[in-house]
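Heads up, run23.txt below (compact mmCIF, C-alpha atoms):
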# COMPACT_ATOMS: atom_id res chain seq x y z
CA MET A 1 0.00 0.00 0.00
CA LYS A 2 1.35 3.40 -0.94
CA SER A 3 1.87 5.76 1.93
CA SER A 4 1.06 8.94 0.04
CA ASP A 5 -1.84 10.93 1.41
CA ASP A 6 -3.28 11.11 -2.09
CA HIS A 7 -3.36 7.34 -2.38
CA LEU A 8 -4.40 6.16 1.03
CA LEU A 9 -6.70 3.25 0.24
CA TRP A 10 -5.54 0.92 -2.51
CA GLY A 11 -4.21 3.94 -4.37
CA MET A 12 -7.67 5.44 -4.72
CA PHE A 13 -8.61 8.00 -2.08
CA SER A 14 -6.93 10.65 0.02
CA LEU A 15 -7.51 10.59 3.77
CA ARG A 16 -10.06 13.42 3.50
CA GLU A 17 -11.97 11.73 0.75
CA ALA A 18 -12.04 8.41 2.57
CA LEU A 19 -13.29 10.16 5.71
CA TYR A 20 -15.96 11.98 3.72
CA LEU A 21 -17.12 8.69 2.19
CA SER A 22 -17.17 7.09 5.65
CA PHE A 23 -19.35 9.93 6.89
CA CYS A 24 -21.76 9.37 4.00
CA ALA A 25 -21.92 5.73 5.11
CA ILE A 26 -22.83 6.96 8.61
CA PHE A 27 -25.83 8.80 7.19
CA ILE A 28 -27.00 5.69 5.39
CA VAL A 29 -26.84 3.76 8.65
CA ILE A 30 -28.53 6.53 10.66
CA ALA A 31 -31.32 6.88 8.07
CA LYS A 32 -31.79 3.12 7.94
CA ALA A 33 -32.02 2.92 11.73
CA VAL A 34 -34.44 5.85 12.04
CA LEU A 35 -36.75 4.78 9.21
CA ARG A 36 -36.80 1.20 10.41
CA LEU A 37 -38.53 2.24 13.61
CA HIS A 38 -41.39 3.96 11.85
CA LEU A 39 -41.84 2.19 8.52
CA HIS A 40 -42.15 -1.46 7.70
CA VAL A 41 -42.21 -1.14 3.92
CA THR A 42 -39.84 -3.31 1.91
CA GLY A 43 -37.02 -1.32 0.33
CA HIS A 44 -37.82 2.03 1.94
CA SER A 45 -34.24 2.43 3.15
CA MET A 46 -33.21 2.61 -0.52
CA VAL A 47 -34.29 6.27 -0.59
CA PHE A 48 -31.44 7.45 1.61
CA THR A 49 -29.03 4.68 0.59
CA MET A 50 -29.23 5.73 -3.05
CA PHE A 51 -29.22 9.41 -2.16
CA PHE A 52 -26.02 9.25 -0.14
CA MET A 53 -24.25 6.76 -2.40
CA ILE A 54 -24.85 8.72 -5.60
CA LEU A 55 -24.10 12.01 -3.88
CA ALA A 56 -20.88 10.57 -2.42
CA ARG A 57 -19.83 9.45 -5.91
CA GLY A 58 -20.68 12.91 -7.21
CA CYS A 59 -18.58 14.61 -4.54
CA VAL A 60 -15.60 12.24 -4.68
CA GLN A 61 -15.16 11.59 -8.37
CA ARG A 62 -12.85 8.64 -8.07
CA LYS A 63 -13.36 5.05 -9.04
CA GLY A 64 -14.64 2.93 -6.17
CA ALA A 65 -16.05 5.82 -4.09
CA ALA A 66 -19.62 4.45 -3.96
CA THR A 67 -18.30 0.92 -3.40
CA PHE A 68 -16.27 2.17 -0.44
CA VAL A 69 -19.39 3.82 1.01
CA GLY A 70 -21.20 0.49 0.55
CA LEU A 71 -18.40 -1.42 2.25
CA ILE A 72 -18.34 0.83 5.32
CA ALA A 73 -22.16 0.98 5.54
CA GLY A 74 -22.36 -2.82 5.17
CA VAL A 75 -19.80 -3.47 7.91
CA MET A 76 -21.53 -0.97 10.20
CA CYS A 77 -24.92 -2.58 9.58
CA LEU A 78 -23.40 -5.98 10.31
CA VAL A 79 -21.96 -4.75 13.59
CA PHE A 80 -25.20 -3.01 14.56
CA GLY A 81 -27.21 -6.08 13.59
CA MET A 82 -29.28 -4.04 11.18
CA GLY A 83 -29.23 -6.49 8.33
CA ALA A 84 -29.58 -9.85 9.97
CA LYS A 85 -32.41 -10.78 7.66
CA SER A 86 -29.68 -10.91 5.01
CA GLY A 87 -27.41 -12.93 7.28
CA PRO A 88 -23.72 -12.73 6.48
CA LEU A 89 -24.60 -11.34 3.05
CA VAL A 90 -25.51 -7.89 4.39
CA ILE A 91 -22.18 -6.41 3.26
CA LEU A 92 -22.81 -7.62 -0.29
CA LYS A 93 -26.25 -5.97 -0.22
CA PHE A 94 -24.52 -2.61 0.15
CA LEU A 95 -21.53 -3.39 -2.05
CA LEU A 96 -23.56 -4.32 -5.12
CA PRO A 97 -25.42 -0.97 -5.45
CA GLY A 98 -22.08 0.77 -4.86
CA ILE A 99 -20.46 -1.17 -7.70
CA VAL A 100 -23.39 -0.36 -10.01
CA ILE A 101 -23.11 3.36 -9.20
CA ASP A 102 -19.34 3.32 -9.74
CA VAL A 103 -19.69 1.61 -13.11
CA ALA A 104 -22.35 4.13 -14.12
CA ALA A 105 -20.18 7.02 -12.97
CA ILE A 106 -17.25 5.72 -15.01
CA LEU A 107 -19.48 5.71 -18.07
CA TYR A 108 -21.02 9.10 -17.24
CA PRO A 109 -18.85 11.01 -14.75
CA LEU A 110 -21.29 13.84 -13.97
CA LEU A 111 -24.33 11.66 -13.34
CA ALA A 112 -24.94 13.17 -9.89
CA GLN A 113 -26.12 16.41 -11.50
CA ARG A 114 -28.48 14.90 -14.07
CA TYR A 115 -32.02 13.86 -13.16
CA VAL A 116 -32.44 11.15 -15.80
CA ALA A 117 -29.07 9.57 -15.06
CA CYS A 118 -29.68 9.61 -11.29
CA ILE A 119 -33.15 8.09 -11.64
CA ILE A 120 -31.93 5.29 -13.90
CA VAL A 121 -28.87 4.55 -11.78
CA GLY A 122 -30.95 4.75 -8.58
CA ALA A 123 -33.40 2.19 -9.93
CA VAL A 124 -30.78 -0.20 -11.28
CA ALA A 125 -28.54 0.03 -8.20
CA ALA A 126 -31.48 -0.47 -5.82
CA GLY A 127 -32.72 -3.39 -7.91
CA SER A 128 -29.29 -4.99 -7.86
CA ARG A 129 -29.71 -5.82 -4.18
CA VAL A 130 -32.28 -8.42 -5.11
CA ILE A 131 -29.49 -10.45 -6.75
CA ILE A 132 -28.41 -11.48 -3.25
CA LEU A 133 -31.87 -12.81 -2.54
CA GLY A 134 -31.83 -14.63 -5.86
CA LEU A 135 -28.48 -16.14 -4.94
CA VAL A 136 -29.90 -17.52 -1.69
CA ASP A 137 -32.98 -18.86 -3.51
CA TRP A 138 -30.73 -20.52 -6.09
CA LEU A 139 -28.53 -22.11 -3.43
CA VAL A 140 -31.62 -23.44 -1.68
CA GLY A 141 -32.65 -25.06 -4.94
CA ILE A 142 -35.76 -23.11 -5.94
CA ASP A 143 -36.75 -23.36 -9.61
CA ARG A 144 -35.49 -20.63 -11.89
CA GLU A 145 -38.98 -19.50 -12.79
CA LEU A 146 -39.90 -18.99 -9.13
CA ILE A 147 -36.60 -17.25 -8.36
CA LEU A 148 -37.34 -14.79 -11.14
CA GLN A 149 -40.88 -14.15 -9.89
CA HIS A 150 -39.62 -13.68 -6.33
CA MET A 151 -36.90 -11.29 -7.48
CA VAL A 152 -39.31 -9.24 -9.61
CA LEU A 153 -41.75 -8.99 -6.71
CA LEU A 154 -39.14 -7.68 -4.28
CA SER A 155 -37.17 -5.56 -6.74
CA PHE A 156 -40.31 -3.58 -7.63
CA MET A 157 -40.39 -1.81 -4.25
CA ASN A 158 -36.61 -1.47 -4.05
CA MET A 159 -36.45 0.15 -7.47
CA GLY A 160 -39.34 2.48 -6.70
CA PHE A 161 -37.62 3.82 -3.61
CA GLY A 162 -34.28 3.86 -5.44
CA VAL A 163 -35.80 6.14 -8.07
CA ILE A 164 -36.98 8.55 -5.36
CA GLY A 165 -33.53 8.54 -3.74
CA GLY A 166 -31.81 9.09 -7.09
CA ALA A 167 -34.14 11.93 -8.05
CA MET A 168 -33.26 13.79 -4.86
CA VAL A 169 -29.53 13.94 -5.68
CA PRO A 170 -29.33 16.49 -8.56
CA PRO A 171 -30.76 19.50 -6.67
CA VAL A 172 -28.28 19.01 -3.85
CA ALA A 173 -25.36 18.19 -6.18
CA ARG A 174 -26.11 21.26 -8.31
CA ARG A 175 -26.19 23.48 -5.22
CA LEU A 176 -22.83 22.05 -4.13
CA ALA A 177 -21.48 22.57 -7.66
CA ALA A 178 -22.81 26.15 -7.70
CA HIS A 179 -20.81 26.80 -4.53
CA GLY A 180 -17.73 25.34 -6.21
CA LEU A 181 -17.53 22.40 -3.83
CA ILE A 182 -17.74 19.79 -6.57
CA PRO A 183 -17.03 20.04 -10.32
CA SER A 184 -19.92 21.51 -12.28
CA ALA A 185 -21.65 19.60 -15.07
CA GLY A 186 -22.35 22.78 -16.98
CA PRO A 187 -25.80 23.80 -18.27
CA ASN A 188 -28.54 21.20 -18.03
CA PRO A 189 -29.33 19.64 -21.44
CA MET B 1 -32.60 6.85 19.42
CA SER B 2 -32.94 4.97 22.65
CA LEU B 3 -31.50 1.53 23.27
CA SER B 4 -34.95 0.14 23.97
CA ALA B 5 -36.11 1.36 20.56
CA PHE B 6 -33.29 -0.59 18.92
CA GLN B 7 -34.14 -3.69 20.95
CA ARG B 8 -37.75 -3.70 19.76
CA ILE B 9 -36.69 -4.30 16.16
CA GLY B 10 -34.89 -7.60 16.73
CA TRP B 11 -31.47 -8.89 15.66
CA GLN B 12 -29.88 -6.98 18.50
CA PHE B 13 -27.46 -8.10 21.18
CA SER B 14 -29.11 -9.63 24.25
CA ALA B 15 -27.23 -8.34 27.27
CA VAL B 16 -27.25 -11.49 29.39
CA ASP B 17 -24.52 -13.91 30.37
CA SER B 18 -24.55 -17.37 28.84
CA ARG B 19 -22.21 -20.06 27.55
CA LEU B 20 -22.66 -18.82 24.00
CA HIS B 21 -21.91 -15.24 25.03
CA ARG B 22 -18.57 -16.33 26.46
CA ILE B 23 -17.35 -18.08 23.28
CA SER B 24 -15.01 -15.93 21.13
CA ALA B 25 -16.54 -14.17 18.11
CA GLY B 26 -14.31 -16.11 15.68
CA TRP B 27 -15.61 -19.50 16.84
CA LYS B 28 -19.18 -18.23 16.83
CA MET B 29 -18.73 -16.95 13.29
CA ALA B 30 -17.33 -20.32 12.19
CA GLY B 31 -20.28 -22.10 13.81
CA MET B 32 -22.70 -19.70 12.17
CA LEU B 33 -21.23 -20.34 8.72
CA ALA B 34 -21.37 -24.12 9.29
CA MET B 35 -25.04 -23.91 10.29
CA CYS B 36 -25.82 -21.68 7.29
CA SER B 37 -24.14 -24.20 4.96
CA ALA B 38 -26.04 -27.06 6.56
CA ALA B 39 -29.30 -25.36 5.56
CA PHE B 40 -28.32 -25.82 1.90
CA VAL B 41 -27.12 -29.38 2.31
CA GLY B 42 -30.17 -30.68 4.18
CA LYS B 43 -32.98 -31.02 1.65
CA SER B 44 -35.31 -33.41 3.48
CA PHE B 45 -37.87 -32.31 6.07
CA PRO B 46 -36.38 -34.44 8.92
CA ALA B 47 -32.90 -32.97 8.34
CA LEU B 48 -34.27 -29.44 8.21
CA LEU B 49 -36.38 -29.95 11.33
CA ALA B 50 -33.32 -31.31 13.15
CA LEU B 51 -31.42 -28.18 12.10
CA LEU B 52 -34.30 -26.01 13.30
CA VAL B 53 -34.19 -27.77 16.69
CA LEU B 54 -30.42 -27.14 16.82
CA ASN B 55 -30.99 -23.44 16.18
CA VAL B 56 -33.69 -23.25 18.85
CA ILE B 57 -31.33 -25.01 21.29
CA GLY B 58 -28.77 -22.36 20.37
CA TYR B 59 -31.27 -19.65 21.29
CA ARG B 60 -31.97 -21.43 24.58
CA LEU B 61 -28.23 -21.78 25.32
CA GLY B 62 -27.81 -18.09 24.57
CA ARG B 63 -30.64 -17.35 27.05
CA VAL B 64 -32.51 -15.41 24.39
CA LYS B 65 -36.16 -14.95 25.34
CA ALA B 66 -38.88 -16.49 23.18
CA VAL B 67 -40.28 -13.03 22.39
CA GLU B 68 -36.86 -11.92 21.14
CA MET B 69 -36.60 -15.04 18.98
CA TRP B 70 -40.02 -14.20 17.53
CA ARG B 71 -38.83 -10.65 16.76
CA ASP B 72 -35.85 -12.14 14.89
CA MET B 73 -37.98 -14.55 12.90
CA ARG B 74 -41.21 -12.67 12.17
CA PHE B 75 -39.85 -11.22 8.92
CA PHE B 76 -39.53 -14.76 7.60
CA MET B 77 -43.23 -15.41 8.12
CA ILE B 78 -43.91 -12.87 5.36
CA GLN B 79 -41.14 -14.46 3.29
CA THR B 80 -42.76 -17.88 3.81
CA MET B 81 -46.14 -16.58 2.65
CA ILE B 82 -44.59 -15.14 -0.54
CA VAL B 83 -42.62 -18.31 -1.36
CA VAL B 84 -45.55 -20.66 -0.64
CA ALA B 85 -47.88 -18.43 -2.67
CA LEU B 86 -45.49 -18.58 -5.64
CA TYR B 87 -45.30 -22.38 -5.42
CA VAL B 88 -49.09 -22.69 -5.09
CA LEU B 89 -49.62 -20.41 -8.09
CA ARG B 90 -47.35 -22.59 -10.18
CA ASP B 91 -48.08 -26.13 -8.95
CA GLY B 92 -51.49 -25.83 -7.28
CA ILE B 93 -52.37 -26.24 -3.60
CA TYR B 94 -51.67 -29.97 -3.24
CA ASP B 95 -48.34 -30.00 -5.03
CA GLY B 96 -47.19 -26.51 -4.06
CA VAL B 97 -47.61 -26.15 -0.31
CA LEU B 98 -45.08 -28.71 0.92
CA PRO B 99 -42.23 -27.76 -1.45
CA GLY B 100 -42.95 -24.11 -0.66
CA LEU B 101 -42.76 -24.75 3.08
CA ARG B 102 -39.56 -26.79 2.69
CA THR B 103 -37.88 -24.01 0.70
CA SER B 104 -39.06 -21.37 3.19
CA LEU B 105 -37.68 -23.46 6.03
CA GLN B 106 -34.34 -23.68 4.24
CA ILE B 107 -34.26 -19.92 3.80
CA LEU B 108 -35.16 -19.41 7.46
CA LEU B 109 -32.44 -21.83 8.53
CA PHE B 110 -29.92 -20.00 6.38
CA PHE B 111 -30.57 -16.72 8.20
CA MET B 112 -31.38 -17.95 11.71
CA PRO B 113 -27.76 -18.66 12.76
CA GLY B 114 -26.83 -15.09 11.76
CA ALA B 115 -29.59 -13.68 13.95
CA LEU B 116 -28.46 -15.88 16.85
CA PHE B 117 -24.85 -14.79 16.28
CA LEU B 118 -25.87 -11.13 16.64
CA ARG B 119 -27.92 -11.95 19.73
CA VAL B 120 -24.96 -13.47 21.57
CA THR B 121 -22.09 -11.33 20.25
CA PRO B 122 -21.56 -7.78 21.57
CA SER B 123 -20.48 -5.12 19.06
CA SER B 124 -17.10 -4.70 20.78
CA GLN B 125 -16.33 -8.42 20.38
CA LEU B 126 -17.49 -8.34 16.78
CA MET B 127 -15.32 -5.32 16.03
CA ARG B 128 -12.27 -6.99 17.57
CA SER B 129 -12.95 -9.97 15.36
CA LEU B 130 -13.47 -7.81 12.27
CA ARG B 131 -10.17 -6.06 12.92
CA ARG B 132 -8.42 -9.35 12.21
CA TRP B 133 -10.30 -9.82 8.95
CA LEU B 134 -10.44 -6.29 7.56
CA PRO B 135 -7.44 -4.35 6.24
CA GLU B 136 -6.10 -2.05 8.95
CA ARG B 137 -7.05 1.16 7.17
CA VAL B 138 -10.57 0.01 6.36
CA ALA B 139 -10.99 -0.94 10.03
CA PHE B 140 -9.84 2.57 10.94
CA PHE B 141 -12.60 4.12 8.84
CA VAL B 142 -15.21 1.77 10.28
CA PHE B 143 -14.20 2.67 13.83
CA ILE B 144 -13.98 6.39 13.15
CA SER B 145 -17.47 6.20 11.64
CA PHE B 146 -18.77 4.79 14.90
CA ARG B 147 -17.17 7.61 16.82
CA PHE B 148 -18.83 10.23 14.63
CA ILE B 149 -22.40 8.90 14.78
CA PRO B 150 -23.40 10.95 17.87
CA TYR B 151 -21.57 13.99 16.47
CA PHE B 152 -23.50 13.94 13.21
CA ALA B 153 -26.78 13.18 14.96
CA ARG B 154 -26.15 16.40 16.94
CA GLU B 155 -25.15 18.30 13.79
CA ILE B 156 -28.37 17.28 11.99
CA SER B 157 -30.37 18.43 14.98
CA ASP B 158 -28.52 21.79 15.17
CA ILE B 159 -28.81 22.53 11.44
CA SER B 160 -32.48 21.56 11.48
CA MET B 161 -33.15 23.85 14.43
CA ALA B 162 -31.28 26.76 12.82
CA GLN B 163 -33.18 26.35 9.54
CA GLN B 164 -36.51 26.14 11.33
CA LEU B 165 -35.72 29.39 13.12
CA ARG B 166 -35.19 30.92 9.66
CA GLY B 167 -38.63 29.74 8.61
CA ALA B 168 -37.90 26.39 6.93
CA ARG B 169 -40.79 23.95 7.18
CA ILE B 170 -38.79 20.90 8.16
CA ASP B 171 -40.27 20.08 11.55
CA LYS B 172 -41.97 16.71 12.01
CA HIS B 173 -45.45 18.17 11.64
CA SER B 174 -44.66 20.01 8.38
CA LEU B 175 -42.89 17.02 6.87
CA ALA B 176 -46.13 15.05 7.05
CA ASN B 177 -47.06 17.11 3.98
CA PRO B 178 -45.09 15.85 0.92
CA ARG B 179 -45.02 19.39 -0.50
CA ASN B 180 -42.51 20.29 2.20
CA TRP B 181 -40.13 17.43 1.40
CA PRO B 182 -38.00 19.37 -1.11
CA GLY B 183 -37.28 21.83 1.70
CA LEU B 184 -35.72 19.02 3.69
CA PHE B 185 -33.08 18.60 1.02
CA HIS B 186 -32.53 22.26 0.24
CA CYS B 187 -32.41 23.42 3.83
CA LEU B 188 -30.88 20.41 5.54
CA MET B 189 -28.81 18.35 3.13
CA VAL B 190 -26.78 21.13 1.49
CA PRO B 191 -25.55 22.66 4.78
CA LEU B 192 -25.06 19.15 6.15
CA MET B 193 -22.89 18.10 3.20
CA ILE B 194 -20.78 21.25 3.54
CA ARG B 195 -20.44 20.51 7.24
CA VAL B 196 -19.41 16.92 6.45
CA MET B 197 -16.70 18.13 4.07
CA LYS B 198 -15.37 20.49 6.70
CA THR B 199 -15.43 17.77 9.34
CA ALA B 200 -13.59 15.41 6.98
CA GLU B 201 -10.89 18.07 6.58
CA ASP B 202 -10.58 18.57 10.32
CA ALA B 203 -10.60 14.85 11.11
CA ALA B 204 -7.97 14.20 8.42
CA LEU B 205 -5.72 16.90 9.86
CA SER B 206 -6.21 15.42 13.31
CA ALA B 207 -5.41 11.89 12.08
CA GLU B 208 -2.33 13.13 10.24
CA ALA B 209 -1.17 14.94 13.35
CA ARG B 210 -1.38 11.61 15.15
CA GLY B 211 0.75 9.97 12.48
CA PHE B 212 -1.95 8.29 10.40
CA GLY B 213 -0.84 8.01 6.75
CA LYS B 214 1.79 10.32 5.37
CA THR B 215 2.29 13.62 7.16
CA GLY B 216 3.87 15.32 4.18
CA ARG B 217 2.14 17.40 1.53
CA SER B 218 -1.50 17.84 2.24
CA HIS B 219 -4.05 17.62 -0.52
CA SER B 220 -7.79 17.90 -0.45
CA SER B 221 -10.71 17.76 -2.82
CA PHE B 222 -12.67 19.93 -0.43
CA THR B 223 -10.48 22.98 0.04
CA VAL B 224 -13.39 25.24 -0.82
CA ALA B 225 -15.28 23.85 2.15
CA LYS B 226 -12.83 25.67 4.37
CA GLU B 227 -13.52 28.92 2.59
CA CYS B 228 -17.27 28.48 2.91
CA GLU B 229 -17.06 28.07 6.66

File written out as structure tokens:
Amino acid sequence: MKSSDDHLLWGMFSLREALYLSFCAIFIVIAKAVLRLHLHVTGHSMVFTMFFMILARGCVQRKGAATFVGLIAGVMCLVFGMGAKSGPLVILKFLLPGIVIDVAAILYPLLAQRYVACIIVGAVAAGSRVIILGLVDWLVGIDRELILQHMVLLSFMNMGFGVIGGAMVPPVARRLAAHGLIPSAGPNP
Amino acid sequence: MSLSAFQRIGWQFSAVDSRLHRISAGWKMAGMLAMCSAAFVGKSFPALLALLVLNVIGYRLGRVKAVEMWRDMRFFMIQTMIVVALYVLRDGIYDGVLPGLRTSLQILLFFMPGALFLRVTPSSQLMRSLRRWLPERVAFFVFISFRFIPYFAREISDISMAQQLRGARIDKHSLANPRNWPGLFHCLMVPLMIRVMKTAEDAALSAEARGFGKTGRSHSSFTVAKECE
């Protein structure tokens, strides 16, 4: 591992960036904990998970930023026991959306400031969590047809909330860009 | 958020003393993974029921109350209904119910050891165990995140209060109306994000001063955050 401040974690983030991403992970965990007490709707935590993950990737425009947020949030949820219904796979449930957001951001670097991009990425990233459930179903030996139906059923809510979370990012990202805190995407097409 | 509020939602540590509580986190994790794997291997009802009995014995050994066990498992009742319904839709009632129940039981038995593990393993023990598994620097960021949870909870409260005093409709009563939701993001999230950037700067300086990472040239993506403060 390089010791330079600019390449603190696997040559990717500076100390400040890594701390900022960790703090975004805190907000995901706090939001998940607070909402859990009041709502019992499947996938509702995707609103804030998507919001903070996409915003984090918009603020720290380096590869792996959203994945790092997912890793920290996943470990914290594991320690807090907030994802036991996913068992030991809770970390993967946060990592997968992070990977999706990172891939999307590589393809379209300024996605955090575009409504359409955020909505699409929010939906896809939130829906990707259902892959874990499909994996468990497949290991248990459920038929493919039923796995697909089960995944579609559960991904519907996740994607809906993911869209809401994604749609909330551009106004905040644009305000931050207007203040010069993050690179601007220029005029909206 | 009070501790009792957390305890109501299940999958939380049960603060009692038992044989399971005294076993090291590493051994408990190994046992949990073995039990999870057994749920996939055992396909017959007798094998699965035996595994269920083993899990319940685990709960008893961990001195976890029946009501707490129910809180851990109630989510899977909904899961069972969905899986059985899908099987019934495809194969009919007579041919669908039993395979559906067997599959649901397998899914339950895959997750039940994890819930028991969290019931009998305190966070401190789990974190010590994770430190051995995670890279040192990742562990640092996990631990520092824990330290900052109360700080940011306070920050959110302070920013919210300040914005409400300026007339923002972001109190609990106003947020019941969806028309006020955009205000939550304009008035709360933007100042909060700026605050987070500033805190990341300060915490990085503090960590560097304590010898974390290189203490040479300092670089930041958030230099403007300092100017905004």

Between B:Val142, B:Leu54, B:Leu108, B:Ala207, which has the minimum distance to A:Gly70 (counting only C-alpha atoms)?
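Checking each of B:Val142, B:Leu54, B:Leu108, B:Ala207 against A:Gly70, counting only C-alpha atoms, the winner is B:Val142.
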
Let me know the centre plus edge lengths, in Å and rounded to one decimal, of a box with edges along x, y and z that contains all listed atoms of stretch 184-192 of chain B and is padded by 8 Å on every side, as lines of an AutoDock Vina configuration file.
center_x = -30.4
center_y = 20.9
center_z = 3.2
size_x = 26.7
size_y = 21.1
size_z = 21.9

Surrounding residues of B:Phe117 excluding itself and chain neighbours under 3 positions, 7 Å, only C-alpha atoms, as a list of chain:residue names
B:Lys28, B:Met32, B:Pro113, B:Gly114, B:Val120, B:Thr121

If you measure from atom CA of A:Ser155 to atom CA of B:Arg179, what distance in Å do you get, rounded to one decimal?
26.9 Å

Could you tell me which of A:Ala65, A:Leu89, A:Leu111, A:Val79 comes closest to chain B if we count only C-alpha atoms?
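With only C-alpha atoms as the atom set, the closest residue is A:Val79.
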